[in-house]
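Q: This one is run_29.cif, mmCIF, C-alpha atoms.
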```cif
data_entry
loop_
_atom_site.group_PDB
_atom_site.id
_atom_site.type_symbol
_atom_site.label_atom_id
_atom_site.label_comp_id
_atom_site.auth_asym_id
_atom_site.auth_seq_id
_atom_site.Cartn_x
_atom_site.Cartn_y
_atom_site.Cartn_z
ATOM 1 C CA MET L 820 14.988 28.321 15.520
ATOM 2 C CA TRP L 821 13.248 27.963 12.153
ATOM 3 C CA GLY L 822 14.606 26.308 9.015
ATOM 4 C CA GLY L 823 17.628 27.893 7.352
ATOM 5 C CA GLN L 824 20.333 26.748 9.777
ATOM 6 C CA GLU L 825 23.453 25.059 8.513
ATOM 7 C CA VAL L 826 23.357 21.274 8.571
ATOM 8 C CA LYS L 827 25.238 18.308 7.178
ATOM 9 C CA TRP L 828 23.861 16.946 3.916
ATOM 10 C CA LYS L 829 24.026 13.196 3.480
ATOM 11 C CA LYS L 830 22.960 10.650 0.922
ATOM 12 C CA MET L 831 19.855 8.725 1.926
ATOM 13 C CA SER L 832 21.987 5.572 2.058
ATOM 14 C CA GLU L 833 24.125 7.171 4.787
ATOM 15 C CA VAL L 834 21.211 7.419 7.226
ATOM 16 C CA CYS L 835 19.842 3.915 6.600
ATOM 17 C CA LYS L 836 20.651 0.545 8.124
ATOM 18 C CA ASN L 837 19.329 -1.191 5.041
ATOM 19 C CA ILE L 838 17.706 -0.330 1.707
ATOM 20 C CA CYS L 839 15.912 -2.921 -0.379
ATOM 21 C CA SER L 840 13.107 -3.396 -2.859
ATOM 22 C CA GLY L 841 10.762 -6.358 -3.021
ATOM 23 C CA GLY L 842 9.249 -8.765 -5.479
ATOM 24 C CA THR L 843 6.060 -10.283 -6.847
ATOM 25 C CA PRO L 844 5.332 -14.006 -6.498
ATOM 26 C CA LEU L 845 4.123 -15.640 -9.726
ATOM 27 C CA THR L 846 0.484 -14.675 -10.111
ATOM 28 C CA SER L 847 -0.181 -17.982 -11.866
ATOM 29 C CA LYS L 848 0.536 -19.812 -8.595
ATOM 30 C CA ALA L 849 -2.589 -19.648 -6.466
ATOM 31 C CA GLU L 850 -0.702 -21.213 -3.559
ATOM 32 C CA TYR L 851 1.476 -18.097 -3.354
ATOM 33 C CA TYR L 852 -1.439 -15.804 -2.462
ATOM 34 C CA ASP L 853 -4.096 -15.241 0.214
ATOM 35 C CA GLY L 854 -1.824 -16.232 3.062
ATOM 36 C CA ASN L 855 -1.087 -14.305 6.254
ATOM 37 C CA ILE L 856 1.932 -12.251 5.136
ATOM 38 C CA PRO L 857 1.094 -8.602 4.273
ATOM 39 C CA TRP L 858 2.326 -7.727 0.772
ATOM 40 C CA LEU L 859 2.392 -4.037 -0.161
ATOM 41 C CA ARG L 860 2.017 -2.791 -3.720
ATOM 42 C CA THR L 861 3.137 0.602 -4.967
ATOM 43 C CA GLN L 862 -0.417 1.923 -5.499
ATOM 44 C CA GLU L 863 -0.942 1.755 -1.723
ATOM 45 C CA VAL L 864 1.980 4.132 -1.058
ATOM 46 C CA ASP L 865 0.299 7.521 -0.801
ATOM 47 C CA TYR L 866 1.473 9.728 2.108
ATOM 48 C CA CYS L 867 0.099 7.437 4.775
ATOM 49 C CA GLU L 868 0.818 4.939 7.508
ATOM 50 C CA ILE L 869 0.375 1.333 6.428
ATOM 51 C CA HIS L 870 -1.476 -0.777 9.005
ATOM 52 C CA SER L 871 -2.717 -3.434 6.586
ATOM 53 C CA THR L 872 -2.366 -4.330 2.904
ATOM 54 C CA LEU L 873 -4.911 -5.079 0.214
ATOM 55 C CA ARG L 874 -3.234 -8.392 -0.593
ATOM 56 C CA ASN L 875 -1.414 -11.045 1.407
ATOM 57 C CA ILE L 876 0.948 -13.768 0.284
ATOM 58 C CA THR L 877 1.925 -17.142 1.728
ATOM 59 C CA GLN L 878 5.268 -18.242 3.121
ATOM 60 C CA LEU L 879 5.654 -20.288 -0.053
ATOM 61 C CA GLY L 880 5.142 -17.151 -2.146
ATOM 62 C CA LEU L 881 7.696 -15.262 -0.062
ATOM 63 C CA ASP L 882 10.241 -18.067 -0.324
ATOM 64 C CA ASN L 883 9.846 -18.365 -4.095
ATOM 65 C CA SER L 884 10.127 -14.691 -5.029
ATOM 66 C CA SER L 885 12.455 -11.767 -4.426
ATOM 67 C CA ALA L 886 9.990 -10.329 -1.906
ATOM 68 C CA LYS L 887 11.542 -9.980 1.539
ATOM 69 C CA MET L 888 10.247 -9.021 4.952
ATOM 70 C CA ILE L 889 11.032 -5.565 6.327
ATOM 71 C CA PRO L 890 10.501 -4.432 9.931
ATOM 72 C CA ALA L 891 7.862 -1.944 10.988
ATOM 73 C CA ASN L 892 8.661 1.770 10.711
ATOM 74 C CA CYS L 893 10.503 1.807 7.415
ATOM 75 C CA VAL L 894 10.083 4.700 5.010
ATOM 76 C CA ILE L 895 8.705 3.262 1.776
ATOM 77 C CA VAL L 896 9.162 5.178 -1.480
ATOM 78 C CA ALA L 897 7.118 4.243 -4.553
ATOM 79 C CA MET L 898 9.372 3.980 -7.601
ATOM 80 C CA TYR L 899 6.988 3.179 -10.472
ATOM 81 C CA GLY L 900 3.536 4.046 -11.708
ATOM 82 C CA SER L 901 1.125 6.787 -10.742
ATOM 83 C CA THR L 902 2.448 6.996 -7.171
ATOM 84 C CA ALA L 903 6.147 7.267 -8.130
ATOM 85 C CA ALA L 904 8.060 9.404 -5.579
ATOM 86 C CA LYS L 905 5.216 9.245 -3.039
ATOM 87 C CA VAL L 906 6.011 7.879 0.388
ATOM 88 C CA ALA L 907 4.532 5.940 3.314
ATOM 89 C CA ILE L 908 5.555 4.391 6.641
ATOM 90 C CA ASN L 909 4.700 0.787 7.421
ATOM 91 C CA LYS L 910 3.455 0.283 10.975
ATOM 92 C CA ILE L 911 3.574 -3.500 10.676
ATOM 93 C CA PRO L 912 6.247 -5.897 9.402
ATOM 94 C CA LEU L 913 5.495 -6.685 5.760
ATOM 95 C CA CYS L 914 6.979 -7.356 2.346
ATOM 96 C CA THR L 915 6.562 -5.289 -0.801
ATOM 97 C CA ASN L 916 6.595 -5.629 -4.536
ATOM 98 C CA GLN L 917 9.578 -4.593 -6.654
ATOM 99 C CA ALA L 918 8.141 -1.111 -7.227
ATOM 100 C CA CYS L 919 8.815 -0.073 -3.616
ATOM 101 C CA CYS L 920 12.145 1.130 -2.233
ATOM 102 C CA ASN L 921 12.210 0.352 1.478
ATOM 103 C CA LEU L 922 14.390 2.464 3.777
ATOM 104 C CA GLU L 923 15.211 1.082 7.218
ATOM 105 C CA ILE L 924 16.349 4.240 8.976
ATOM 106 C CA ASP L 925 19.247 4.307 11.454
ATOM 107 C CA GLU L 926 17.559 6.300 14.209
ATOM 108 C CA ASP L 927 20.919 7.207 15.745
ATOM 109 C CA LYS L 928 21.268 9.425 12.677
ATOM 110 C CA ALA L 929 17.757 10.397 11.577
ATOM 111 C CA LEU L 930 14.170 10.002 12.722
ATOM 112 C CA VAL L 931 11.791 7.955 10.601
ATOM 113 C CA ARG L 932 9.179 10.721 10.622
ATOM 114 C CA TYR L 933 11.818 13.318 9.728
ATOM 115 C CA VAL L 934 12.929 11.338 6.672
ATOM 116 C CA TYR L 935 9.264 10.822 5.748
ATOM 117 C CA GLN L 936 8.505 14.561 5.996
ATOM 118 C CA TRP L 937 11.611 15.428 3.959
ATOM 119 C CA ILE L 938 10.670 13.104 1.102
ATOM 120 C CA CYS L 939 7.105 14.465 1.207
ATOM 121 C CA LYS L 940 8.516 17.966 0.731
ATOM 122 C CA GLN L 941 10.807 16.796 -2.077
ATOM 123 C CA TYR L 942 8.109 14.957 -4.056
ATOM 124 C CA GLU L 943 8.369 17.128 -7.163
ATOM 125 C CA VAL L 944 12.180 17.057 -7.094
ATOM 126 C CA LEU L 945 12.368 13.274 -6.745
ATOM 127 C CA LYS L 946 9.639 12.714 -9.324
ATOM 128 C CA ALA L 947 11.474 14.921 -11.821
ATOM 129 C CA MET L 948 14.443 12.548 -11.567
ATOM 130 C CA GLY L 949 12.292 9.766 -12.989
ATOM 131 C CA GLU L 950 12.169 8.500 -16.534
ATOM 132 C CA GLY L 951 9.391 7.739 -18.977
ATOM 133 C CA SER L 952 5.800 8.928 -19.043
ATOM 134 C CA GLN L 953 5.204 7.800 -15.442
ATOM 135 C CA HIS L 954 8.448 9.282 -14.081
ATOM 136 C CA ASN L 955 9.736 5.920 -12.851
ATOM 137 C CA ILE L 956 12.690 6.189 -10.490
ATOM 138 C CA ASN L 957 15.082 3.482 -9.309
ATOM 139 C CA ALA L 958 16.600 2.417 -6.008
ATOM 140 C CA GLN L 959 19.985 3.958 -6.796
ATOM 141 C CA LYS L 960 18.427 7.403 -7.240
ATOM 142 C CA VAL L 961 16.710 7.039 -3.874
ATOM 143 C CA LYS L 962 19.972 5.899 -2.233
ATOM 144 C CA ASP L 963 21.843 8.903 -3.657
ATOM 145 C CA PHE L 964 19.094 11.427 -2.857
ATOM 146 C CA LYS L 965 20.415 14.103 -0.485
ATOM 147 C CA ILE L 966 18.827 14.884 2.885
ATOM 148 C CA PRO L 967 19.814 17.632 5.357
ATOM 149 C CA ILE L 968 20.590 16.233 8.807
ATOM 150 C CA PRO L 969 20.257 18.618 11.756
ATOM 151 C CA SER L 970 20.641 17.379 15.327
ATOM 152 C CA LEU L 971 18.201 14.716 16.545
ATOM 153 C CA GLU L 972 16.785 17.321 18.931
ATOM 154 C CA GLU L 973 16.035 19.633 16.015
ATOM 155 C CA GLN L 974 14.559 16.757 14.039
ATOM 156 C CA HIS L 975 12.223 15.999 16.958
ATOM 157 C CA ARG L 976 11.135 19.630 17.089
ATOM 158 C CA ILE L 977 10.447 19.809 13.347
ATOM 159 C CA VAL L 978 8.558 16.515 13.321
ATOM 160 C CA SER L 979 6.403 17.418 16.323
ATOM 161 C CA ILE L 980 5.238 20.618 14.623
ATOM 162 C CA LEU L 981 4.600 19.060 11.226
ATOM 163 C CA ASP L 982 2.847 16.019 12.659
ATOM 164 C CA ARG L 983 0.448 18.276 14.552
ATOM 165 C CA PHE L 984 -0.443 20.126 11.353
ATOM 166 C CA GLU L 985 -0.753 16.879 9.409
ATOM 167 C CA SER L 986 -2.980 15.351 12.098
ATOM 168 C CA LEU L 987 -5.195 18.427 12.118
ATOM 169 C CA THR L 988 -5.522 18.312 8.336
ATOM 170 C CA THR L 989 -6.482 14.634 8.452
ATOM 171 C CA SER L 990 -9.056 15.200 11.188
ATOM 172 C CA LEU L 991 -10.774 17.782 8.968
ATOM 173 C CA GLN L 992 -11.320 15.457 6.002
ATOM 174 C CA SER L 993 -15.072 15.415 6.620
ATOM 175 C CA GLY L 994 -15.205 19.191 7.090
ATOM 176 C CA LEU L 995 -15.725 22.077 4.716
ATOM 177 C CA PRO L 996 -13.601 21.819 1.542
ATOM 178 C CA ALA L 997 -12.291 25.374 1.924
ATOM 179 C CA GLU L 998 -11.168 24.686 5.490
ATOM 180 C CA ILE L 999 -9.427 21.465 4.434
ATOM 181 C CA VAL L 1000 -7.563 23.310 1.658
ATOM 182 C CA ALA L 1001 -6.568 26.108 4.042
ATOM 183 C CA ARG L 1002 -5.194 23.661 6.619
ATOM 184 C CA ARG L 1003 -3.322 21.723 3.921
ATOM 185 C CA GLN L 1004 -1.756 24.946 2.648
ATOM 186 C CA GLN L 1005 -0.798 25.908 6.204
ATOM 187 C CA TYR L 1006 0.840 22.507 6.752
ATOM 188 C CA GLU L 1007 2.757 22.773 3.460
ATOM 189 C CA HIS L 1008 3.867 26.327 4.297
ATOM 190 C CA TYR L 1009 5.350 25.293 7.633
ATOM 191 C CA ARG L 1010 6.824 22.112 6.151
ATOM 192 C CA ASP L 1011 8.659 24.176 3.526
ATOM 193 C CA LYS L 1012 9.773 26.720 6.134
ATOM 194 C CA LEU L 1013 10.987 24.142 8.651
ATOM 195 C CA LEU L 1014 12.712 21.973 6.062
ATOM 196 C CA THR L 1015 14.640 24.718 4.281
ATOM 197 C CA PHE L 1016 18.357 24.500 5.019
ATOM 198 C CA LYS L 1017 21.519 26.086 3.703
ATOM 199 C CA ARG L 1018 23.511 23.934 1.321
ATOM 200 C CA LYS L 1019 26.839 24.495 3.099
ATOM 201 C CA GLY L 1020 28.496 21.151 3.771
ATOM 202 C CA ALA L 1021 26.856 19.366 0.866
ATOM 203 C CA ALA L 1022 29.069 16.741 -0.695
#
```
With the file now loaded, output its structure as structure tokens.
A:
Amino acid sequence: MWGGQEVKWKKMSEVCKNICSGGTPLTSKAEYYDGNIPWLRTQEVDYCEIHSTLRNITQLGLDNSSAKMIPANCVIVAMYGSTAAKVAINKIPLCTNQACCNLEIDEDKALVRYVYQWICKQYEVLKAMGEGSQHNINAQKVKDFKIPIPSLEEQHRIVSILDRFESLTTSLQSGLPAEIVARRQQYEHYRDKLLTFKRKGAA
């Protein structure tokens, strides 16, 4: 069955085990940087999987800042700057700066890739909730953001379809521009169709 079925709507906080942001060690302390702990900054959050970061910090930097480690497979939402409301999934344990809102999903309630695809679809909506010239959002707005929750079986079905389209689009990046655009439009069409639900049951 395609999108449009009735589902339960929940706040993002209701499908997460933990939600946190991060921190930035003092840049004046050289001993806080160039260690072996991956440290993600908001500009790296751009509809992708994170397998490495552009900067690393040391254990000393982690211990002396509000940065904190998060497990692999969290959904990371950029809150500030040019990437505000964009999203990524970390495939390695890492820490982030304060501009990232990190969602550790309770997979008894929702799939990581399903939450990721939903936030991708809702980019314009979430961004519009921001403030200032760069549409900065905050962690509370992410926590309160509503997500439709169908059965886990239905989530699996939706994700499997969308991931195939997304993978195909990515594999064409070196192809003809017109073909890339067409595949991207096809992916977005099916994403919107599959992730359209009735609002019945919304709180």
Q: Tell me, in Å to one decimal, how far atom CA of Asp853 of chain L is from atom CA of Lys887 of chain L.
A: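 Here the two named atoms are 16.6 Å from each other.
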Q: For segment 935-942 of chain L, take all atoms listed in the file, fit an axis-aligned box around them, add 6 Å to each of the six sides, then output centre and edge lengths in Å rounded to one decimal, as JSON.
A:
```
{"center_x": 9.4, "center_y": 14.4, "center_z": 1.0, "size_x": 16.5, "size_y": 19.1, "size_z": 22.1}
```
Q: Leaving out Asn909 of chain L and any residue of its chain fewer than 3 positions from it, which residues lie within 9 Å of it when counting all atoms listed in the file, given as a list in words?
A: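 Those residues are Cys867, Glu868, Ile869, His870, Ser871, Pro890, Ala891, Asn892, Cys893, Val894, Ile895, Pro912 and Leu913 of chain L.
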Q: Run the PyMOL selection byres ((chain L and resi 930) around 10) mentally over the shown coordinates, then write out the matched residues as a ChimeraX atom specification, using the chain letters and numbers from the document.
A: /L:834,924-929,931-936,968,971-972,974-975,978
Q: Could you turn the residues from that selection into a file that holds C-alpha atoms, as a JSON list (two decimals), in the coordinates of the input?
A:
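Output below, filename result38.json:
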```json
[["chain", "number", "residue", "atom", "x", "y", "z"],
["L", 834, "VAL", "CA", 21.21, 7.42, 7.23],
["L", 924, "ILE", "CA", 16.35, 4.24, 8.98],
["L", 925, "ASP", "CA", 19.25, 4.31, 11.45],
["L", 926, "GLU", "CA", 17.56, 6.30, 14.21],
["L", 927, "ASP", "CA", 20.92, 7.21, 15.74],
["L", 928, "LYS", "CA", 21.27, 9.43, 12.68],
["L", 929, "ALA", "CA", 17.76, 10.40, 11.58],
["L", 931, "VAL", "CA", 11.79, 7.96, 10.60],
["L", 932, "ARG", "CA", 9.18, 10.72, 10.62],
["L", 933, "TYR", "CA", 11.82, 13.32, 9.73],
["L", 934, "VAL", "CA", 12.93, 11.34, 6.67],
["L", 935, "TYR", "CA", 9.26, 10.82, 5.75],
["L", 936, "GLN", "CA", 8.51, 14.56, 6.00],
["L", 968, "ILE", "CA", 20.59, 16.23, 8.81],
["L", 971, "LEU", "CA", 18.20, 14.72, 16.55],
["L", 972, "GLU", "CA", 16.78, 17.32, 18.93],
["L", 974, "GLN", "CA", 14.56, 16.76, 14.04],
["L", 975, "HIS", "CA", 12.22, 16.00, 16.96],
["L", 978, "VAL", "CA", 8.56, 16.52, 13.32]]
```
Q: Please determine, counting only C-alpha atoms, which residue among L:Ser970, L:Thr877, L:Gln862, L:Asn921 has the shortest atom-to-atom distance to Lys848 of chain L.
A: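 Closest candidate: L:Thr877.
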Q: Find, counting only C-alpha atoms, the residue in L:Glu825, L:Ser884, L:Glu863, L:Lys965 that gets nearest to Gly842 of chain L.
A: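 With only C-alpha atoms as the atom set, the closest residue is L:Ser884.
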Q: Using all atoms listed in the file, which of the listed residues (L:Lys829, L:Lys905, L:Lys836, L:Arg983) sits closest to Thr861 of chain L?
A: L:Lys905
Q: The PyMOL selection byres ((chain L and resi 946) around 8) - which residues does that actually catch in the file I just gave you? List them as a VMD selection string.
A: chain L and resid 903 to 904 942 to 945 947 to 949 954 to 956
Q: Choose the residue, out of L:Asp963, L:Asp865, L:Glu850, L:Glu923, that has the smallest atom-to-atom separation from Met831 of chain L; count all atoms listed in the file.
A: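 Distance minimum relative to Met831 of chain L lands on L:Asp963.
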Q: From the list L:Ala886, L:Leu873, L:Cys939, L:Ile977, which residue is nearest Asn916 of chain L when using only C-alpha atoms?
A: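 Distance minimum relative to Asn916 of chain L lands on L:Ala886.
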Q: Considering all atoms listed in the file, state which residue in the set L:Ala849, L:Ile908, L:Cys839, L:Leu859 is at the smallest distance from Leu879 of chain L.
A: L:Ala849
Q: Figure out the distance between atom CA of Ser832 of chain L and atom CA of Ala897 of chain L, please, to one decimal in Å.
A: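 It comes out at 16.3 Å.
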Q: Care to translate the PyMOL selection byres ((chain L and resi 967) around 9) into actual residues of this file, as a PyMOL selection string?
A: chain L and resi 825-830+937+965-966+968-969+1014-1018+1021
Q: Report the distance between atom CA of Cys920 of chain L and atom CA of Asn883 of chain L in Å, rounded to one decimal place.
A: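 Rounded to one decimal, the two atoms are 19.7 Å apart.
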